[in-house]
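Here's my_file-v5.cif, which has mmCIF, C-alpha atoms:
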```
data_final
loop_
_atom_site.group_PDB
_atom_site.id
_atom_site.type_symbol
_atom_site.label_atom_id
_atom_site.label_comp_id
_atom_site.auth_asym_id
_atom_site.auth_seq_id
_atom_site.Cartn_x
_atom_site.Cartn_y
_atom_site.Cartn_z
ATOM 1 C CA ALA O 3 -61.146 39.241 54.006
ATOM 2 C CA ASP O 4 -62.413 39.290 50.421
ATOM 3 C CA LYS O 5 -63.129 43.021 50.588
ATOM 4 C CA LEU O 6 -59.613 43.773 51.811
ATOM 5 C CA LEU O 7 -58.013 41.464 49.253
ATOM 6 C CA ASN O 8 -59.997 43.078 46.437
ATOM 7 C CA ALA O 9 -59.280 46.641 47.595
ATOM 8 C CA ILE O 10 -55.596 46.295 48.482
ATOM 9 C CA GLY O 11 -54.405 43.216 46.617
ATOM 10 C CA ASP O 12 -50.727 42.366 46.936
ATOM 11 C CA GLY O 13 -49.799 45.946 47.901
ATOM 12 C CA SER O 14 -47.816 46.642 44.742
ATOM 13 C CA GLN O 15 -49.893 49.737 43.954
ATOM 14 C CA TYR O 16 -48.635 51.172 47.276
ATOM 15 C CA GLY O 17 -45.007 50.156 46.828
ATOM 16 C CA VAL O 18 -45.146 47.349 49.393
ATOM 17 C CA THR O 19 -45.563 43.589 49.350
ATOM 18 C CA ILE O 20 -48.452 42.150 51.351
ATOM 19 C CA HIS O 21 -48.623 38.493 52.347
ATOM 20 C CA TRP O 22 -52.155 37.728 53.526
ATOM 21 C CA SER O 23 -52.856 35.216 56.273
ATOM 22 C CA ILE O 24 -56.534 34.307 56.101
ATOM 23 C CA GLU O 25 -58.052 33.047 59.337
ATOM 24 C CA PRO O 26 -60.774 30.393 59.452
ATOM 25 C CA GLU O 27 -64.406 31.335 60.157
ATOM 26 C CA GLU O 28 -63.617 31.465 63.881
ATOM 27 C CA PRO O 29 -61.327 34.486 64.475
ATOM 28 C CA LEU O 30 -58.035 33.539 66.110
ATOM 29 C CA GLU O 31 -57.471 36.858 67.933
ATOM 30 C CA THR O 32 -54.106 38.595 67.627
ATOM 31 C CA ALA O 33 -51.738 35.969 69.077
ATOM 32 C CA GLY O 34 -53.552 33.128 67.316
ATOM 33 C CA GLY O 35 -53.450 34.981 63.999
ATOM 34 C CA ILE O 36 -49.753 35.734 64.363
ATOM 35 C CA LYS O 37 -49.024 32.091 65.223
ATOM 36 C CA MET O 38 -50.893 31.016 62.064
ATOM 37 C CA ALA O 39 -48.897 33.501 59.970
ATOM 38 C CA LEU O 40 -45.654 32.138 61.449
ATOM 39 C CA ALA O 41 -46.664 28.500 60.876
ATOM 40 C CA THR O 42 -47.627 29.120 57.237
ATOM 41 C CA GLY O 43 -44.463 31.068 56.448
ATOM 42 C CA LYS O 44 -46.227 34.431 56.055
ATOM 43 C CA LEU O 45 -43.919 35.720 58.793
ATOM 44 C CA LYS O 46 -40.343 34.599 59.164
ATOM 45 C CA ASP O 47 -38.966 33.388 62.483
ATOM 46 C CA GLN O 48 -37.510 36.778 63.362
ATOM 47 C CA PRO O 49 -38.834 39.924 65.080
ATOM 48 C CA PHE O 50 -41.560 41.739 63.147
ATOM 49 C CA ILE O 51 -43.409 45.048 63.369
ATOM 50 C CA LEU O 52 -47.003 44.788 64.558
ATOM 51 C CA VAL O 53 -49.411 47.733 64.156
ATOM 52 C CA ASN O 54 -52.991 47.827 65.411
ATOM 53 C CA GLY O 55 -55.474 48.180 62.569
ATOM 54 C CA ASP O 56 -56.946 51.398 63.954
ATOM 55 C CA VAL O 57 -53.655 53.327 64.156
ATOM 56 C CA TRP O 58 -53.133 56.409 62.003
ATOM 57 C CA THR O 59 -49.725 57.938 62.582
ATOM 58 C CA PRO O 60 -46.931 59.936 60.965
ATOM 59 C CA PHE O 61 -44.443 57.686 62.811
ATOM 60 C CA ASP O 62 -41.438 56.695 60.684
ATOM 61 C CA PHE O 63 -41.431 52.891 60.891
ATOM 62 C CA ALA O 64 -37.885 52.805 59.504
ATOM 63 C CA GLN O 65 -36.815 53.730 63.049
ATOM 64 C CA LEU O 66 -37.842 50.234 64.144
ATOM 65 C CA SER O 67 -35.828 48.407 61.476
ATOM 66 C CA HIS O 68 -32.602 48.773 63.475
ATOM 67 C CA LEU O 69 -34.119 47.777 66.810
ATOM 68 C CA LYS O 70 -32.529 44.752 68.473
ATOM 69 C CA LEU O 71 -34.732 42.861 70.909
ATOM 70 C CA ASN O 72 -31.844 40.728 72.206
ATOM 71 C CA ASP O 73 -33.429 38.651 74.995
ATOM 72 C CA SER O 74 -36.626 40.719 75.116
ATOM 73 C CA GLN O 75 -39.821 39.386 73.587
ATOM 74 C CA ALA O 76 -41.418 42.693 72.621
ATOM 75 C CA TYR O 77 -40.899 46.426 72.237
ATOM 76 C CA LEU O 78 -43.891 48.736 72.680
ATOM 77 C CA LEU O 79 -44.248 52.371 71.719
ATOM 78 C CA LEU O 80 -46.113 54.279 74.403
ATOM 79 C CA THR O 81 -47.603 57.756 74.386
ATOM 80 C CA ASP O 82 -48.945 60.145 76.975
ATOM 81 C CA GLN O 83 -52.332 59.214 78.339
ATOM 82 C CA ALA O 84 -54.946 59.571 75.631
ATOM 83 C CA THR O 85 -58.353 61.163 76.216
ATOM 84 C CA HIS O 86 -60.000 57.792 75.528
ATOM 85 C CA ASN O 87 -57.701 56.148 78.098
ATOM 86 C CA PRO O 88 -57.108 58.642 80.940
ATOM 87 C CA THR O 89 -55.641 56.040 83.327
ATOM 88 C CA GLY O 90 -53.112 54.746 80.790
ATOM 89 C CA ASP O 91 -52.051 51.161 80.091
ATOM 90 C CA PHE O 92 -48.495 50.560 81.237
ATOM 91 C CA ALA O 93 -45.658 52.068 83.199
ATOM 92 C CA LEU O 94 -42.174 52.600 81.757
ATOM 93 C CA GLU O 95 -39.060 52.441 83.884
ATOM 94 C CA ASN O 96 -35.487 52.265 82.589
ATOM 95 C CA GLY O 97 -36.680 51.137 79.157
ATOM 96 C CA LYS O 98 -38.816 48.279 80.543
ATOM 97 C CA VAL O 99 -42.602 48.215 80.218
ATOM 98 C CA ASN O 100 -44.539 47.125 83.300
ATOM 99 C CA VAL O 101 -48.182 46.480 84.138
ATOM 100 C CA GLU O 102 -47.709 48.108 87.558
ATOM 101 C CA GLY O 103 -46.153 51.471 88.349
ATOM 102 C CA THR O 104 -46.627 55.155 87.697
ATOM 103 C CA PRO O 105 -46.899 57.197 85.684
ATOM 104 C CA LYS O 106 -48.951 55.168 83.236
ATOM 105 C CA TYR O 107 -48.772 55.688 79.496
ATOM 106 C CA THR O 108 -51.056 54.578 76.671
ATOM 107 C CA PHE O 109 -49.923 51.838 74.292
ATOM 108 C CA ALA O 110 -49.704 53.483 70.858
ATOM 109 C CA GLY O 111 -50.575 50.295 68.969
ATOM 110 C CA ILE O 112 -47.096 50.072 67.418
ATOM 111 C CA SER O 113 -44.713 47.332 68.485
ATOM 112 C CA VAL O 114 -41.965 44.947 67.525
ATOM 113 C CA MET O 115 -42.598 41.334 68.514
ATOM 114 C CA SER O 116 -40.367 38.325 68.794
ATOM 115 C CA PRO O 117 -41.884 35.018 67.649
ATOM 116 C CA ARG O 118 -40.676 33.647 71.022
ATOM 117 C CA LEU O 119 -43.543 35.554 72.667
ATOM 118 C CA LEU O 120 -45.909 33.067 70.991
ATOM 119 C CA ASP O 121 -44.099 29.859 71.959
ATOM 120 C CA THR O 122 -47.001 28.707 74.165
ATOM 121 C CA VAL O 123 -49.676 29.319 71.501
ATOM 122 C CA LYS O 124 -50.715 26.331 69.388
ATOM 123 C CA VAL O 125 -51.320 26.715 65.646
ATOM 124 C CA GLY O 126 -55.043 27.243 65.045
ATOM 125 C CA GLU O 127 -55.715 28.220 68.670
ATOM 126 C CA THR O 128 -57.750 31.325 69.472
ATOM 127 C CA ALA O 129 -55.423 33.384 71.670
ATOM 128 C CA PRO O 130 -55.375 37.065 72.657
ATOM 129 C CA LEU O 131 -52.033 38.879 72.748
ATOM 130 C CA ALA O 132 -52.492 40.966 75.924
ATOM 131 C CA PRO O 133 -52.067 38.106 78.436
ATOM 132 C CA LEU O 134 -48.840 37.024 76.726
ATOM 133 C CA LEU O 135 -47.494 40.568 76.798
ATOM 134 C CA LYS O 136 -48.392 41.011 80.470
ATOM 135 C CA GLN O 137 -46.702 37.723 81.361
ATOM 136 C CA ALA O 138 -43.576 38.816 79.474
ATOM 137 C CA MET O 139 -43.712 42.194 81.267
ATOM 138 C CA GLN O 140 -43.754 40.444 84.637
ATOM 139 C CA ALA O 141 -40.628 38.535 83.547
ATOM 140 C CA GLY O 142 -38.927 41.809 82.501
ATOM 141 C CA LEU O 143 -38.957 40.839 78.813
ATOM 142 C CA VAL O 144 -40.783 43.838 77.296
ATOM 143 C CA MET O 145 -38.895 46.972 76.311
ATOM 144 C CA GLY O 146 -40.489 50.266 75.396
ATOM 145 C CA ASP O 147 -40.146 53.948 74.739
ATOM 146 C CA LEU O 148 -42.239 57.081 74.422
#
```
Would you write out, as structure tokens, the structure that this file holds?
Amino acid sequence: ADKLLNAIGDGSQYGVTIHWSIEPEEPLETAGGIKMALATGKLKDQPFILVNGDVWTPFDFAQLSHLKLNDSQAYLLLTDQATHNPTGDFALENGKVNVEGTPKYTFAGISVMSPRLLDTVKVGETAPLAPLLKQAMQAGLVMGDL
């Protein structure tokens, strides 16, 4: 964390504002870290863009600023099957992302999440995001697009 803070700071040199949420010694995983950021006010109680740390893309994130989740809990960007993931991750049918189905697409690591997705996660709990997303998919609460 110190190396990132020292290298990037508050983001002003890049024309953005960064609010850091520092996890304790024990990593909280993605859902746990998001829940901590929500509880400490680093994220507001409204949908937010989530990008995997290893994503490099020319994607215009402004496209997501007008997205309305309505009753959905997440929106995932998918892409054709990647060479590192030839079987894909999820199916897409009528704008809904599903665990089952064909064809399968690869999750691009870019999403919009509703804080409601994390309602079952306790503050300070180590919790991965994937099981929550899959549960929401089974309930028909995850939208997506290619």
Nearest to Asp4 in chain O, chosen from O:Pro60, O:Thr89, O:Glu28, O:Ser23, with only C-alpha atoms counted in the distances: O:Ser23
Identify all residues satisfying the PyMOL selection byres ((chain O and resi 129) around 8) in the given file; provide them as a PyMOL selection string. chain O and resi 30-34+123+127-128+130-131
Could you check which of O:Gly126, O:Ser74, O:Leu134, O:Gly17 is closest to Lys98 in chain O, using all atoms listed in the file?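 Looking at the shortest contact to Lys98 in chain O, the residue is O:Ser74.
One finds CA of Gln75 in chain O at 9.3 Å from CA of Gly142 in chain O.
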Write out as a PDB file with C-alpha atoms, in the frame of the given file each polymer residue whose atoms come within 9 Å of Val144 in chain O, counting only C-alpha atoms; drop sequence neighbours fewer than 6 positions from it.
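Below is the file that was written, result_7.pdb:
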```pdb
ATOM      1  CA  LEU O  71     -34.732  42.861  70.909  1.00  0.00           C
ATOM      2  CA  SER O  74     -36.626  40.719  75.116  1.00  0.00           C
ATOM      3  CA  GLN O  75     -39.821  39.386  73.587  1.00  0.00           C
ATOM      4  CA  ALA O  76     -41.418  42.693  72.621  1.00  0.00           C
ATOM      5  CA  TYR O  77     -40.899  46.426  72.237  1.00  0.00           C
ATOM      6  CA  LEU O  78     -43.891  48.736  72.680  1.00  0.00           C
ATOM      7  CA  GLY O  97     -36.680  51.137  79.157  1.00  0.00           C
ATOM      8  CA  LYS O  98     -38.816  48.279  80.543  1.00  0.00           C
ATOM      9  CA  VAL O  99     -42.602  48.215  80.218  1.00  0.00           C
ATOM     10  CA  ASN O 100     -44.539  47.125  83.300  1.00  0.00           C
ATOM     11  CA  LEU O 135     -47.494  40.568  76.798  1.00  0.00           C
ATOM     12  CA  LYS O 136     -48.392  41.011  80.470  1.00  0.00           C
ATOM     13  CA  ALA O 138     -43.576  38.816  79.474  1.00  0.00           C
TER      14      ALA O 138
END
```
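Using all atoms listed in the file, the smallest distance between any of O:Pro49, O:Pro105, O:Gly111, O:Gly35 and Leu80 in chain O comes from O:Gly111.
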Please measure the separation of CA of Ala41 in chain O and CA of Ser116 in chain O, giving the value in Å to one decimal.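 Interatomic distance here is 14.1 Å.
In terms of minimum interatomic distance to Met38 in chain O, O:Leu120 ranks closest within O:Leu120, O:Leu94, O:Met115, O:Leu66, counting all atoms listed in the file.
Going from CA of Asp121 in chain O to CA of Ile51 in chain O covers 17.5 Å.
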Between O:Asn8, O:Ile20, O:Lys70, O:Val57, which one has atoms that come closest to Phe109 in chain O, using all atoms listed in the file? O:Val57
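Minimum atom-to-atom distance to Ala110 in chain O, evaluated using only C-alpha atoms, belongs to O:Asn54 out of O:Gln48, O:Ser67, O:Asn54, O:Asn72.
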